[in-house]
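Okay, structure first, notes after.
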Amino acid sequence: SSSNRKAVDDTVKSLERNRYVRSATSPLSAEGKDALSKDERIGYISTLLTIGPDDLDVDQANEIIDAAEPASDAGLTVAVGGYLGEEVSKPDTGTSEVVGIVAAIIILLITFGTAAAMPLPIVTALVAVITGLSLVGLLGHVMNVPDVAPTLGVMIGLGVGIDYSLFVVTRHRGFLAQGNSVEESAGRAIATSGSAVLFAGGTVVIALCSLALANIPLVSSMGFAAAVVVVIAIAAALTLLPGVLGLIGPRIESWRIPFLHAPAHDHRPHGWARWANWVGERAWPAMIAAVAVLLVLALPTLDLELGAQDDGELPKGTEARDAYDLLSRGFGPGYTGPLLIAVDFGDDPAHPDRRKLDQVRSQQQQAEQAASLGEPVSTSQQRQLAQEEAFYKTKASDPRLVKLENKISKTNDVDLVSTAKVNKSGSAAVFTATANTAPAADPTEDLVRELRSTVIPDATQGTSLTSYVDGETAGYIDLASRISDKLPSVIAIVVALAFVLLMVAFRSILVPLTSAVMNLLSVVASYGVLTAIFQKGWGAELIGLDGPVPIASYVPLVMFAILFGLSMDYQVFLVSRVHEHYQRSRDNLEAVVDGLAVSARVITSAALIMVCVFGSFILDADVIVKQFGVGLAVAIAIDASIVRCVLVPASMVLLGNANRWFPGWLGRAVPRIGIEDEGFFKDRPAQAPASTSNPGH
């Protein structure tokens, strides 16, 4: 209608007046006619901005979007796509962070039993996260940091920051209960739990940095960004926290929570002691049952497929999602992610098709002669001949290029092929191919592979043309393929690294070997849950999804590096306590049972905090953040419960004294290091507390 046309024209003029807009093309113009759907109900204004996606901020994006008010004021449905729409469609993660912190507060109150001790891990973690994210921002000036990296940094920073501080504070309170002064207790806590934090945290950092071995910039930058936050979390736990402990002094036991305050040193809760005895007495059944559960959880991993993402996964109501839905409805599902076909003409540049041009001109002469004789010649026929003449005058009419376009257009699942654009020299050309299916759909991936392996080689055979399939959709497919190829090698490197580190730490061959196998089982089990929820859609509605969605190609790879590093925390804490008790009793079974009974409370508390922090990000609207949240939360829950409280102690009971088998030649070559070991203070007498009074009593 004339009113709608006026609204569109006014919107184009409004956009052109915006300081950030270079040009805007109306779908009602001859130049932009391809931007109008066949039923003329949906169209889009092609807008070229003066700001690139890396420089655009939310305020600038909203200013540009406001320029489209003439259309919305006229009652037209308006949505913004591209990187402009994505900029204003980024979800707020504040709710997830608050939920995670509140859950951590509750767990810490239960664990410590005192309100004075509870804030210490949280404050330390928050300082680490804020500092770490600032450094990640600086890192963004030297490399391309993906949008999800800061959110991932917050997740990991809060999780490990609280966990590391929890270990140190627990140990500090234990030394205070033994009669040490505040300064002595803090020093001993850092020398024992602090060394374990440094070791375990260092392993997380190395595992994250090892992602660079995949030689994929997106994955490497994500690993570096997360590693920066972990480094700051380690530094905060080893420097800031001891200073705060010294300032608080004995007041750390103040404000006790009724019925929750428990002895801080070497405490064996009755329930965990019974569980440890049960595992020790029934090692074989416990191990078989645990492995069976992990294998059942891991079964869906057999169907795991790494996929691509598109704006159709964003929440309904966001600009980018609304634009995606409108374009899909008007032009087809593949229109939102067209394939870019790039052509290199080689030594023989493109040239107009002179033969076709002569044929068209001959037809025009015949039409003119017919008109001069009074025969009817339709206006549409004249217009078509004029358009054909204009086309065959250009290099885009090169027969080789036209043959390639025709071959691609006749391929199954190809909906539309655009007219190619050739550069001035005739050395290169580009055009788009739109699929019948959505960018993230499996048939689209099959189409890309068919074009590359069969259609294009057949169409260019015998010519100097070289053609490539590119674009965002093809890029995601290539990324998934590259990660699938690199995943086994990265896993092997991280596992080998973890084995060496644990071997050096515990001077054992079988303990790190069984630990590596069990860690792999827990990671594969978490992959299975991830596959079931996201790829198969089992219970997807419960976490705010409409149905199945592809698993982002880099999620499993980054997850593995994070989880294998984090699992070292609990492994070090458990095995070091077992080793500590073995030094006293020289009885393997008793040492395993006592070590599990003593450490299980802290391990499960630390894991529960991390599960809550990671799990809270399921509330995030970003599907990739949801995938990280689900995957990491499930993996930590499995690791701390099934692996650390069943598989590891059961295997250590069954292995007996073989746990400590270490070849002599290897023992002489490997340096001795102490982790969670009080040997440094063996000959150092405990100092009397500065004051026996406790303000909280």
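Labels for the structure tokens follow display order: chains A, B, ..., residues from 1 in each chain, ligands from 1.
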Determine, using only C-alpha atoms, which residues of segment 296-373 of chain A have any atom at most 10 Å from an atom of segment 476-487 of chain A, and tabulate each with its shortest atom pair and distance in Å to one decimal place, rows ordered by chain and then rising number, as JSON lines.
{"residue": "A:Glu305", "atom": "CA", "partner": "A:Ala480", "partner_atom": "CA", "distance": 8.8}
{"residue": "A:Leu306", "atom": "CA", "partner": "A:Ala480", "partner_atom": "CA", "distance": 5.6}
{"residue": "A:Gly307", "atom": "CA", "partner": "A:Ala480", "partner_atom": "CA", "distance": 6.2}
{"residue": "A:Ala308", "atom": "CA", "partner": "A:Tyr476", "partner_atom": "CA", "distance": 5.2}
{"residue": "A:Gln309", "atom": "CA", "partner": "A:Tyr476", "partner_atom": "CA", "distance": 7.6}
{"residue": "A:Asp310", "atom": "CA", "partner": "A:Tyr476", "partner_atom": "CA", "distance": 9.7}
With C-alpha atoms retained, export the selected residues as an mmCIF file, in the first residue's frame.
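Result file is selection34.cif:
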data_model
loop_
_atom_site.group_PDB
_atom_site.id
_atom_site.type_symbol
_atom_site.label_atom_id
_atom_site.label_comp_id
_atom_site.auth_asym_id
_atom_site.auth_seq_id
_atom_site.Cartn_x
_atom_site.Cartn_y
_atom_site.Cartn_z
ATOM 1 C CA GLU A 305 27.585 -34.431 16.914
ATOM 2 C CA LEU A 306 29.333 -31.086 16.949
ATOM 3 C CA GLY A 307 27.163 -28.485 15.260
ATOM 4 C CA ALA A 308 26.845 -24.851 14.307
ATOM 5 C CA GLN A 309 24.752 -22.120 15.831
ATOM 6 C CA ASP A 310 22.367 -19.574 14.390
#
- Message: Can you pull out the residues contacting segment 522-532 of chain A? Cut-off 8 Å, using only C-alpha atoms, and skip same-chain residues under 4 positions away; I want them as a list in words.
- Response: Leu294, Leu295, Val296, Leu297, Ala298, Leu299, Pro300, Thr301, Leu302, Asp303, Leu304, Met518, Lys536, Gly537, Trp538, Ile551, Pro556, Phe560, Leu563, Phe564, Gln627, Val630, Gly631, Leu632, Val634, Ala635, Ile638, Asp639 and Val643 of chain A
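Considering only C-alpha atoms, the residue among A:Gly246, A:Pro53, A:Gly565, A:Pro285 positioned nearest to Ile206 of chain A is A:Gly565.
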- Message: List as a ChimeraX atom specification the protein and nucleic acid residues near Ala323 of chain A, meaning an atom at most 6 Å away when only C-alpha atoms are counted, but skip any in the same chain fewer than 5 places from it.
- Response: /A:79-81
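The protein and nucleic acid residues lying at most 9 Å from Val494 of chain A are Ile206, Ala207, Ser210, Ser489, Val490, Ile491, Ala492, Ala496, Leu497, Ala498, Phe499, Phe560, Ala561, Phe564 and Gly565 of chain A, with only C-alpha atoms considered and sequence neighbours fewer than 2 positions away removed.
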Within 9 Å of Val99 of chain A using only C-alpha atoms, minus same-chain residues under 6 positions, as a PDB file with N, CA, C and O atoms, in the first residue's frame:
ATOM      1  N   CYS A 612      26.571 -25.438  42.034  1.00  0.00           N
ATOM      2  CA  CYS A 612      25.581 -24.361  42.109  1.00  0.00           C
ATOM      3  C   CYS A 612      25.993 -23.166  41.253  1.00  0.00           C
ATOM      4  O   CYS A 612      25.156 -22.555  40.572  1.00  0.00           O
ATOM      5  N   VAL A 613      27.277 -22.816  41.285  1.00  0.00           N
ATOM      6  CA  VAL A 613      27.753 -21.691  40.477  1.00  0.00           C
ATOM      7  C   VAL A 613      27.585 -22.000  38.993  1.00  0.00           C
ATOM      8  O   VAL A 613      27.033 -21.196  38.222  1.00  0.00           O
ATOM      9  N   SER A 616      23.844 -22.379  38.013  1.00  0.00           N
ATOM     10  CA  SER A 616      23.060 -21.142  37.967  1.00  0.00           C
ATOM     11  C   SER A 616      23.088 -20.516  36.581  1.00  0.00           C
ATOM     12  O   SER A 616      22.164 -19.776  36.206  1.00  0.00           O
ATOM     13  N   PHE A 617      24.107 -20.809  35.787  1.00  0.00           N
ATOM     14  CA  PHE A 617      24.200 -20.228  34.451  1.00  0.00           C
ATOM     15  C   PHE A 617      23.284 -20.930  33.457  1.00  0.00           C
ATOM     16  O   PHE A 617      23.209 -20.518  32.296  1.00  0.00           O
TER      17      PHE A 617
END
- Task: DSSP on the backbone, then: every residue of segment 453-664 of chain A marked alpha helix (DSSP H), written as a PyMOL selection string.
- Result: chain A and resi 456-460+472-506+510-530+555-585+588-616+623-638+648-655+664
- segment 20-37 of chain A: which residues within 9 Å, counting only C-alpha atoms, same-chain residues fewer than 2 positions away excluded, as a VMD selection string? chain A and resid 5 8 to 9 11 to 13 15 to 18 39 to 51 60 63 to 64 327 330 to 331
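Among A:Val572, A:Met610, A:Ser89, A:Arg355, the residue with the shortest atom-to-atom distance to Leu198 of chain A, counting only C-alpha atoms, is A:Val572.
Using only C-alpha atoms, the shortest contact distance between Leu502 of chain A and any of A:Leu133, A:Ala607, A:Val670, A:Ala128 is found at A:Val670.
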- Task: Mind the document's chain letters and residue numbers, and return as a PyMOL selection string the residues of segment 351-483 of chain A that DSSP labels strand (DSSP E or B).
- Result: chain A and resi 414-417+421-422+428-435+466-470
- Message: List as an MDAnalysis selection string the protein and nucleic acid residues near Glu389 of chain A, meaning an atom at most 12 Å away when only C-alpha atoms are counted, but skip any in the same chain fewer than 4 places from it.
- Response: chainID A and resid 352:364 382:385 393:394 397
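When only C-alpha atoms are used to compute distances to Gly337 of chain A, the closest of the residues A:Asn62, A:Ser508, A:Thr434, A:Ser2 turns out to be A:Thr434.
Going from atom CA of Asp325 of chain A to atom CA of Thr437 of chain A covers 13.3 Å.
Using only C-alpha atoms, the smallest distance between any of A:Pro548, A:Gly153, A:Pro121, A:Pro349 and Ile101 of chain A comes from A:Pro121.
Remark: for Ile234 of chain A, the closest of the candidate residues A:Asn144, A:Thr124, A:Ser14, A:Asn180 is A:Thr124 (distances computed over only C-alpha atoms).
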